[in-house]
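Visitor: My file is my_file-v8.pdb. It has PDB, C-alpha atoms:
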```
ATOM      1  CA  GLY A   1     -58.170 -28.852  27.492  1.00  0.00           C
ATOM      2  CA  SER A   2     -55.695 -27.630  30.050  1.00  0.00           C
ATOM      3  CA  TYR A   3     -55.978 -30.936  31.922  1.00  0.00           C
ATOM      4  CA  ASN A   4     -54.320 -32.776  29.047  1.00  0.00           C
ATOM      5  CA  VAL A   5     -51.779 -30.006  28.480  1.00  0.00           C
ATOM      6  CA  VAL A   6     -50.550 -30.499  32.059  1.00  0.00           C
ATOM      7  CA  ILE A   7     -50.390 -34.294  31.623  1.00  0.00           C
ATOM      8  CA  ASN A   8     -48.519 -33.984  28.341  1.00  0.00           C
ATOM      9  CA  ALA A   9     -46.099 -31.382  29.717  1.00  0.00           C
ATOM     10  CA  LEU A  10     -45.266 -33.598  32.694  1.00  0.00           C
ATOM     11  CA  ALA A  11     -44.820 -36.636  30.437  1.00  0.00           C
ATOM     12  CA  ASP A  12     -42.741 -34.762  27.867  1.00  0.00           C
ATOM     13  CA  THR A  13     -40.354 -33.535  30.555  1.00  0.00           C
ATOM     14  CA  GLY A  14     -39.851 -37.049  31.925  1.00  0.00           C
ATOM     15  CA  ARG A  15     -42.020 -36.558  35.016  1.00  0.00           C
ATOM     16  CA  VAL A  16     -44.179 -39.603  34.366  1.00  0.00           C
ATOM     17  CA  ASP A  17     -44.828 -40.302  38.068  1.00  0.00           C
ATOM     18  CA  ALA A  18     -46.051 -36.732  38.538  1.00  0.00           C
ATOM     19  CA  ALA A  19     -48.305 -37.110  35.486  1.00  0.00           C
ATOM     20  CA  TRP A  20     -49.870 -40.277  36.932  1.00  0.00           C
ATOM     21  CA  ALA A  21     -50.339 -38.587  40.310  1.00  0.00           C
ATOM     22  CA  TYR A  22     -52.072 -35.705  38.526  1.00  0.00           C
ATOM     23  CA  ILE A  23     -54.326 -38.129  36.628  1.00  0.00           C
ATOM     24  CA  ASP A  24     -55.227 -39.864  39.890  1.00  0.00           C
ATOM     25  CA  ARG A  25     -56.098 -36.574  41.619  1.00  0.00           C
ATOM     26  CA  GLN A  26     -58.190 -35.437  38.678  1.00  0.00           C
ATOM     27  CA  PHE A  27     -59.841 -38.856  38.294  1.00  0.00           C
ATOM     28  CA  HIS A  28     -61.145 -38.632  41.860  1.00  0.00           C
ATOM     29  CA  ARG A  29     -62.498 -35.165  41.052  1.00  0.00           C
ATOM     30  CA  GLY A  30     -64.456 -36.573  38.113  1.00  0.00           C
ATOM     31  CA  PHE A  31     -62.185 -35.521  35.236  1.00  0.00           C
ATOM     32  CA  ARG A  32     -61.433 -38.046  32.531  1.00  0.00           C
ATOM     33  CA  THR A  33     -58.563 -38.335  30.094  1.00  0.00           C
ATOM     34  CA  THR A  34     -58.727 -38.025  26.329  1.00  0.00           C
ATOM     35  CA  LYS A  35     -56.684 -39.405  23.467  1.00  0.00           C
ATOM     36  CA  SER A  36     -53.911 -36.877  24.125  1.00  0.00           C
ATOM     37  CA  THR A  37     -52.986 -38.929  27.196  1.00  0.00           C
ATOM     38  CA  SER A  38     -51.453 -41.347  24.690  1.00  0.00           C
ATOM     39  CA  SER A  39     -48.249 -39.273  24.871  1.00  0.00           C
ATOM     40  CA  LEU A  40     -47.930 -40.290  28.513  1.00  0.00           C
ATOM     41  CA  ILE A  41     -48.664 -43.926  27.753  1.00  0.00           C
ATOM     42  CA  ARG A  42     -46.025 -43.997  24.993  1.00  0.00           C
ATOM     43  CA  LYS A  43     -43.441 -43.166  27.653  1.00  0.00           C
ATOM     44  CA  LEU A  44     -44.346 -46.183  29.788  1.00  0.00           C
ATOM     45  CA  THR A  45     -42.144 -49.237  29.957  1.00  0.00           C
ATOM     46  CA  PRO A  46     -43.695 -52.583  29.049  1.00  0.00           C
ATOM     47  CA  ASP A  47     -43.701 -53.478  32.767  1.00  0.00           C
ATOM     48  CA  GLU A  48     -45.596 -50.273  33.566  1.00  0.00           C
ATOM     49  CA  VAL A  49     -48.085 -51.051  30.812  1.00  0.00           C
ATOM     50  CA  GLU A  50     -48.621 -54.532  32.238  1.00  0.00           C
ATOM     51  CA  ASP A  51     -49.278 -52.995  35.671  1.00  0.00           C
ATOM     52  CA  LEU A  52     -51.650 -50.475  34.132  1.00  0.00           C
ATOM     53  CA  ILE A  53     -53.706 -53.069  32.267  1.00  0.00           C
ATOM     54  CA  SER A  54     -53.864 -55.500  35.184  1.00  0.00           C
ATOM     55  CA  THR A  55     -57.122 -54.089  36.549  1.00  0.00           C
ATOM     56  CA  THR A  56     -60.285 -52.722  35.046  1.00  0.00           C
ATOM     57  CA  GLU A  57     -60.068 -49.840  37.541  1.00  0.00           C
ATOM     58  CA  SER A  58     -56.741 -48.781  36.027  1.00  0.00           C
ATOM     59  CA  LEU A  59     -58.223 -48.929  32.540  1.00  0.00           C
ATOM     60  CA  ASN A  60     -61.160 -46.842  33.711  1.00  0.00           C
ATOM     61  CA  ARG A  61     -58.736 -44.335  35.235  1.00  0.00           C
ATOM     62  CA  ILE A  62     -57.205 -43.662  31.841  1.00  0.00           C
ATOM     63  CA  GLN A  63     -60.609 -43.937  30.142  1.00  0.00           C
ATOM     64  CA  LEU A  64     -59.500 -46.648  27.759  1.00  0.00           C
ATOM     65  CA  ASN A  65     -60.496 -45.926  24.194  1.00  0.00           C
ATOM     66  CA  VAL A  66     -59.320 -47.225  20.828  1.00  0.00           C
ATOM     67  CA  ASN A  67     -56.477 -44.685  20.582  1.00  0.00           C
ATOM     68  CA  ILE A  68     -55.113 -45.573  23.996  1.00  0.00           C
ATOM     69  CA  LEU A  69     -55.642 -49.269  23.240  1.00  0.00           C
ATOM     70  CA  SER A  70     -53.485 -48.986  20.113  1.00  0.00           C
ATOM     71  CA  THR A  71     -50.777 -47.149  22.038  1.00  0.00           C
ATOM     72  CA  LEU A  72     -50.721 -49.796  24.781  1.00  0.00           C
ATOM     73  CA  VAL A  73     -50.622 -52.603  22.198  1.00  0.00           C
ATOM     74  CA  ARG A  74     -47.750 -50.819  20.443  1.00  0.00           C
ATOM     75  CA  VAL A  75     -45.684 -50.573  23.644  1.00  0.00           C
ATOM     76  CA  LEU A  76     -46.222 -54.283  24.335  1.00  0.00           C
ATOM     77  CA  CYS A  77     -45.498 -55.393  20.763  1.00  0.00           C
ATOM     78  CA  LEU A  78     -42.321 -53.322  20.485  1.00  0.00           C
ATOM     79  CA  ALA A  79     -40.948 -54.507  23.832  1.00  0.00           C
ATOM     80  CA  SER A  80     -37.787 -56.564  23.889  1.00  0.00           C
ATOM     81  CA  PRO A  81     -38.719 -59.334  24.043  1.00  0.00           C
ATOM     82  CA  PRO A  82     -42.166 -58.672  22.543  1.00  0.00           C
ATOM     83  CA  ARG A  83     -45.139 -59.207  24.836  1.00  0.00           C
ATOM     84  CA  THR A  84     -47.544 -60.225  22.129  1.00  0.00           C
ATOM     85  CA  GLU A  85     -49.618 -62.499  24.379  1.00  0.00           C
ATOM     86  CA  LYS A  86     -50.227 -59.588  26.745  1.00  0.00           C
ATOM     87  CA  ALA A  87     -51.214 -57.395  23.785  1.00  0.00           C
ATOM     88  CA  ILE A  88     -53.737 -59.991  22.618  1.00  0.00           C
ATOM     89  CA  ALA A  89     -55.108 -60.352  26.165  1.00  0.00           C
ATOM     90  CA  LEU A  90     -55.474 -56.562  26.355  1.00  0.00           C
ATOM     91  CA  ILE A  91     -57.379 -56.498  23.059  1.00  0.00           C
ATOM     92  CA  CYS A  92     -59.738 -59.181  24.386  1.00  0.00           C
ATOM     93  CA  LYS A  93     -60.204 -57.240  27.633  1.00  0.00           C
ATOM     94  CA  ALA A  94     -60.933 -54.055  25.677  1.00  0.00           C
ATOM     95  CA  GLU A  95     -63.493 -55.915  23.575  1.00  0.00           C
ATOM     96  CA  SER A  96     -65.203 -57.121  26.741  1.00  0.00           C
ATOM     97  CA  LEU A  97     -65.437 -53.441  27.777  1.00  0.00           C
ATOM     98  CA  GLY A  98     -67.051 -52.567  24.436  1.00  0.00           C
ATOM     99  CA  ILE A  99     -63.941 -51.110  22.781  1.00  0.00           C
ATOM    100  CA  LYS A 100     -63.498 -52.384  19.243  1.00  0.00           C
ATOM    101  CA  PRO A 101     -59.903 -52.530  17.950  1.00  0.00           C
ATOM    102  CA  ASP A 102     -59.372 -50.499  14.814  1.00  0.00           C
ATOM    103  CA  CYS A 103     -57.170 -50.686  11.762  1.00  0.00           C
ATOM    104  CA  ARG A 104     -54.213 -49.179  13.656  1.00  0.00           C
ATOM    105  CA  THR A 105     -54.476 -51.723  16.477  1.00  0.00           C
ATOM    106  CA  TYR A 106     -54.571 -54.632  14.046  1.00  0.00           C
ATOM    107  CA  SER A 107     -51.750 -53.192  11.929  1.00  0.00           C
ATOM    108  CA  ILE A 108     -49.480 -53.099  14.982  1.00  0.00           C
ATOM    109  CA  LEU A 109     -50.306 -56.704  15.836  1.00  0.00           C
ATOM    110  CA  ILE A 110     -49.891 -57.936  12.244  1.00  0.00           C
ATOM    111  CA  GLN A 111     -46.546 -56.124  11.955  1.00  0.00           C
ATOM    112  CA  ARG A 112     -45.368 -57.866  15.136  1.00  0.00           C
ATOM    113  CA  PHE A 113     -46.379 -61.279  13.802  1.00  0.00           C
ATOM    114  CA  SER A 114     -44.670 -60.496  10.512  1.00  0.00           C
ATOM    115  CA  SER A 115     -41.455 -59.550  12.343  1.00  0.00           C
ATOM    116  CA  ASP A 116     -41.689 -62.805  14.281  1.00  0.00           C
ATOM    117  CA  HIS A 117     -42.221 -64.746  11.015  1.00  0.00           C
ATOM    118  CA  ASN A 118     -45.524 -66.019  12.367  1.00  0.00           C
ATOM    119  CA  ILE A 119     -47.532 -65.950   9.166  1.00  0.00           C
ATOM    120  CA  GLU A 120     -50.424 -67.982  10.553  1.00  0.00           C
ATOM    121  CA  LEU A 121     -51.136 -65.532  13.373  1.00  0.00           C
ATOM    122  CA  ALA A 122     -50.684 -62.569  11.014  1.00  0.00           C
ATOM    123  CA  LYS A 123     -53.298 -64.069   8.682  1.00  0.00           C
ATOM    124  CA  LYS A 124     -55.582 -65.014  11.582  1.00  0.00           C
ATOM    125  CA  TYR A 125     -55.692 -61.464  12.952  1.00  0.00           C
ATOM    126  CA  PHE A 126     -55.994 -59.943   9.483  1.00  0.00           C
ATOM    127  CA  ARG A 127     -59.078 -62.118   8.860  1.00  0.00           C
ATOM    128  CA  ARG A 128     -60.394 -61.319  12.337  1.00  0.00           C
ATOM    129  CA  ALA A 129     -60.097 -57.596  11.648  1.00  0.00           C
ATOM    130  CA  LEU A 130     -61.892 -57.882   8.315  1.00  0.00           C
ATOM    131  CA  PHE A 131     -64.597 -60.390   9.090  1.00  0.00           C
ATOM    132  CA  GLU A 132     -65.273 -60.235  12.839  1.00  0.00           C
ATOM    133  CA  HIS A 133     -64.793 -56.512  13.345  1.00  0.00           C
ATOM    134  CA  GLU A 134     -65.482 -55.308   9.808  1.00  0.00           C
ATOM    135  CA  VAL A 135     -62.383 -53.105   9.896  1.00  0.00           C
ATOM    136  CA  GLN A 136     -61.738 -51.261   6.650  1.00  0.00           C
ATOM    137  CA  PRO A 137     -58.007 -51.807   6.072  1.00  0.00           C
ATOM    138  CA  ASP A 138     -55.731 -48.959   5.103  1.00  0.00           C
ATOM    139  CA  LEU A 139     -52.488 -49.093   3.151  1.00  0.00           C
ATOM    140  CA  ILE A 140     -50.464 -49.648   6.343  1.00  0.00           C
ATOM    141  CA  MET A 141     -52.512 -52.673   7.367  1.00  0.00           C
ATOM    142  CA  LEU A 142     -52.419 -54.137   3.858  1.00  0.00           C
ATOM    143  CA  THR A 143     -48.665 -53.578   3.667  1.00  0.00           C
ATOM    144  CA  ALA A 144     -48.247 -55.298   7.049  1.00  0.00           C
ATOM    145  CA  ILE A 145     -50.045 -58.464   5.918  1.00  0.00           C
ATOM    146  CA  LEU A 146     -48.327 -58.343   2.532  1.00  0.00           C
ATOM    147  CA  ASN A 147     -44.966 -58.178   4.313  1.00  0.00           C
ATOM    148  CA  ALA A 148     -45.951 -61.220   6.375  1.00  0.00           C
ATOM    149  CA  LEU A 149     -46.802 -63.118   3.192  1.00  0.00           C
ATOM    150  CA  VAL A 150     -43.488 -62.352   1.479  1.00  0.00           C
ATOM    151  CA  GLU A 151     -41.503 -63.001   4.688  1.00  0.00           C
ATOM    152  CA  ALA A 152     -43.092 -66.435   5.124  1.00  0.00           C
ATOM    153  CA  GLN A 153     -40.838 -69.429   4.599  1.00  0.00           C
ATOM    154  CA  PRO A 154     -41.363 -70.133   1.774  1.00  0.00           C
ATOM    155  CA  PRO A 155     -42.889 -66.826   0.620  1.00  0.00           C
ATOM    156  CA  GLU A 156     -46.601 -67.060  -0.170  1.00  0.00           C
ATOM    157  CA  MET A 157     -46.310 -65.195  -3.439  1.00  0.00           C
ATOM    158  CA  LYS A 158     -49.535 -66.425  -5.026  1.00  0.00           C
ATOM    159  CA  GLU A 159     -51.513 -65.003  -2.098  1.00  0.00           C
ATOM    160  CA  ALA A 160     -49.363 -61.853  -2.093  1.00  0.00           C
ATOM    161  CA  HIS A 161     -50.092 -61.237  -5.788  1.00  0.00           C
ATOM    162  CA  ALA A 162     -53.796 -61.856  -5.268  1.00  0.00           C
ATOM    163  CA  MET A 163     -53.804 -59.285  -2.483  1.00  0.00           C
ATOM    164  CA  VAL A 164     -52.016 -56.653  -4.556  1.00  0.00           C
ATOM    165  CA  ASP A 165     -54.300 -57.337  -7.523  1.00  0.00           C
ATOM    166  CA  SER A 166     -57.405 -56.835  -5.358  1.00  0.00           C
ATOM    167  CA  MET A 167     -56.295 -53.879  -3.212  1.00  0.00           C
ATOM    168  CA  TYR A 168     -58.112 -51.295  -5.280  1.00  0.00           C
ATOM    169  CA  GLU A 169     -61.120 -53.425  -6.161  1.00  0.00           C
ATOM    170  CA  LEU A 170     -61.812 -54.563  -2.583  1.00  0.00           C
ATOM    171  CA  TYR A 171     -60.561 -51.640  -0.513  1.00  0.00           C
ATOM    172  CA  GLY A 172     -60.210 -48.689  -2.887  1.00  0.00           C
ATOM    173  CA  ILE A 173     -56.470 -48.496  -2.205  1.00  0.00           C
ATOM    174  CA  HIS A 174     -53.919 -48.057  -4.963  1.00  0.00           C
ATOM    175  CA  PRO A 175     -50.728 -50.068  -4.434  1.00  0.00           C
ATOM    176  CA  ASP A 176     -47.729 -47.808  -3.905  1.00  0.00           C
ATOM    177  CA  ILE A 177     -44.003 -48.271  -4.392  1.00  0.00           C
ATOM    178  CA  MET A 178     -43.686 -49.980  -0.986  1.00  0.00           C
ATOM    179  CA  VAL A 179     -46.194 -52.603  -2.074  1.00  0.00           C
ATOM    180  CA  TYR A 180     -44.309 -53.315  -5.286  1.00  0.00           C
ATOM    181  CA  ASN A 181     -40.989 -53.368  -3.417  1.00  0.00           C
ATOM    182  CA  LEU A 182     -42.431 -56.014  -1.091  1.00  0.00           C
ATOM    183  CA  LEU A 183     -43.426 -58.142  -4.078  1.00  0.00           C
ATOM    184  CA  ILE A 184     -39.906 -57.853  -5.453  1.00  0.00           C
ATOM    185  CA  LYS A 185     -38.514 -58.772  -2.035  1.00  0.00           C
ATOM    186  CA  GLY A 186     -40.575 -61.958  -2.102  1.00  0.00           C
ATOM    187  CA  TYR A 187     -38.659 -63.124  -5.168  1.00  0.00           C
ATOM    188  CA  THR A 188     -35.173 -62.399  -3.841  1.00  0.00           C
TER     189      THR A 188
END
```
For the file at hand, write its structure as structure tokens.
Guide:
Amino acid sequence: GSYNVVINALADTGRVDAAWAYIDRQFHRGFRTTKSTSSLIRKLTPDEVEDLISTTESLNRIQLNVNILSTLVRVLCLASPPRTEKAIALICKAESLGIKPDCRTYSILIQRFSSDHNIELAKKYFRRALFEHEVQPDLIMLTAILNALVEAQPPEMKEAHAMVDSMYELYGIHPDIMVYNLLIKGYT
């Protein structure tokens, strides 16, 4: 409602401190945020995100949910240098609060590991998403793990082909041109 419109307007005009002050005032009045508060969180620096996630009270203030979790993980993973350990710790904290990471959260993490050429962690979190959290992958998540496989040194092309061959059968997803371009990239 109008509560989130005010927060978003303040954030979009660069008045992040005013937006947080507004959230604090409204929090003490019993109002809670919704997923639209993600626009404010996207404007945070990695240091501000680390401050925000340092206490459960802060997470309660923003009413942490899976959308906000993904946004926070994204800010941490895209930081320079990346703060992947903090992102993983946040995911664990969210899980302890009953918030289950979704396909978007895992895609962000897998993309970070792929960029870092850390194939083992990319595969670990892909398996965790599928088997521990029963996440149904989408094309973005499958492309992220496929990219990690072809970026590995040496490229893990046998596993990459097996994934492409089973995308439709296992997940109902048709490979697109990006998928085939990644396979080609693995051979160059």
Visitor: I'd like the neighbourhood of range 7-12 of chain A as a count of residues only, where a residue qualifies if any of its atoms comes within 9 Å (using all atoms listed in the file), though same-chain residues fewer than 4 positions away should be ignored.
Guide: 16
Visitor: Given the file shown, determine the residues that the PyMOL selection byres ((chain A and resi 54-57) around 12) selects; report them as an MDAnalysis selection string.
Guide: chainID A and resid 24 27 47:53 58:64 86:87 89:90 93:94 96:97
Visitor: Report the residues retrieved by the PyMOL selection byres ((chain A and resi 174) around 12) from the displayed file, expressed as a PyMOL selection string.
Guide: chain A and resi 138-140+142-143+163-173+175-180
Visitor: Which centre and edge lengths in Å to one decimal define the box along x, y and z that fits every listed atom of range 122-127 of chain A plus 8 Å per side, as lines of an AutoDock Vina configuration file?
Guide:
```
center_x = -54.9
center_y = -62.5
center_z = 10.8
size_x = 24.4
size_y = 21.1
size_z = 20.3
```
Visitor: Compile the contact shell of Arg74 in chain A as a VMD selection string: residues with an atom at most 9 Å away, counting only C-alpha atoms, same-chain residues fewer than 5 positions apart removed.
Guide: chain A and resid 42 69 79 87 105 108 to 109
Visitor: Distance CA of Gln111 in chain A-CA of Glu134 in chain A, one decimal place?
Guide: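 If I compute the distance from CA of Gln111 in chain A to CA of Glu134 in chain A, I get 19.1 Å.
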Visitor: Which is closer to Val6 in chain A than all the others in A:Leu76, A:Ile145, A:Ala122, A:Ala21, using only C-alpha atoms?
Guide: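 Between A:Leu76, A:Ile145, A:Ala122, A:Ala21, the residue approaching Val6 in chain A most closely is A:Ala21.
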Visitor: What separation in Å, quoted to one decimal, exists between CA of His117 in chain A and CA of Ala144 in chain A?
Guide: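 These two atoms are separated by 11.9 Å.
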Visitor: On this file, the PyMOL selection byres ((chain A and resi 123) around 10) gives some set of residues; write that set as a ChimeraX atom specification.
Guide: /A:110,113-114,118-122,124-129,145-146,148-149
Visitor: Calculated over all atoms listed in the file, which of the candidates A:Ser115, A:Arg104, A:Gly186, A:Pro155 has the smallest distance to Met141 in chain A?
Guide: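 That would be A:Arg104, the residue with the smallest distance to Met141 in chain A.
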Visitor: Between A:Asp116, A:Lys100, A:Gln26, A:Gln153, which is the closest to Glu132 in chain A once you count only C-alpha atoms?
Guide: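 Closest to Glu132 in chain A of all the choices is A:Lys100.
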Visitor: Can you tell me how far CA of Met157 in chain A sits from CA of Leu183 in chain A, in Å to one decimal?
Guide: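 Pair CA of Met157 in chain A / CA of Leu183 in chain A returns 7.6 Å.
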Visitor: Which of these residues is nearest to Asn67 in chain A, using all atoms listed in the file: A:Thr45, A:His28, A:Thr84, A:Asp102?
Guide: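 Closest candidate: A:Asp102.
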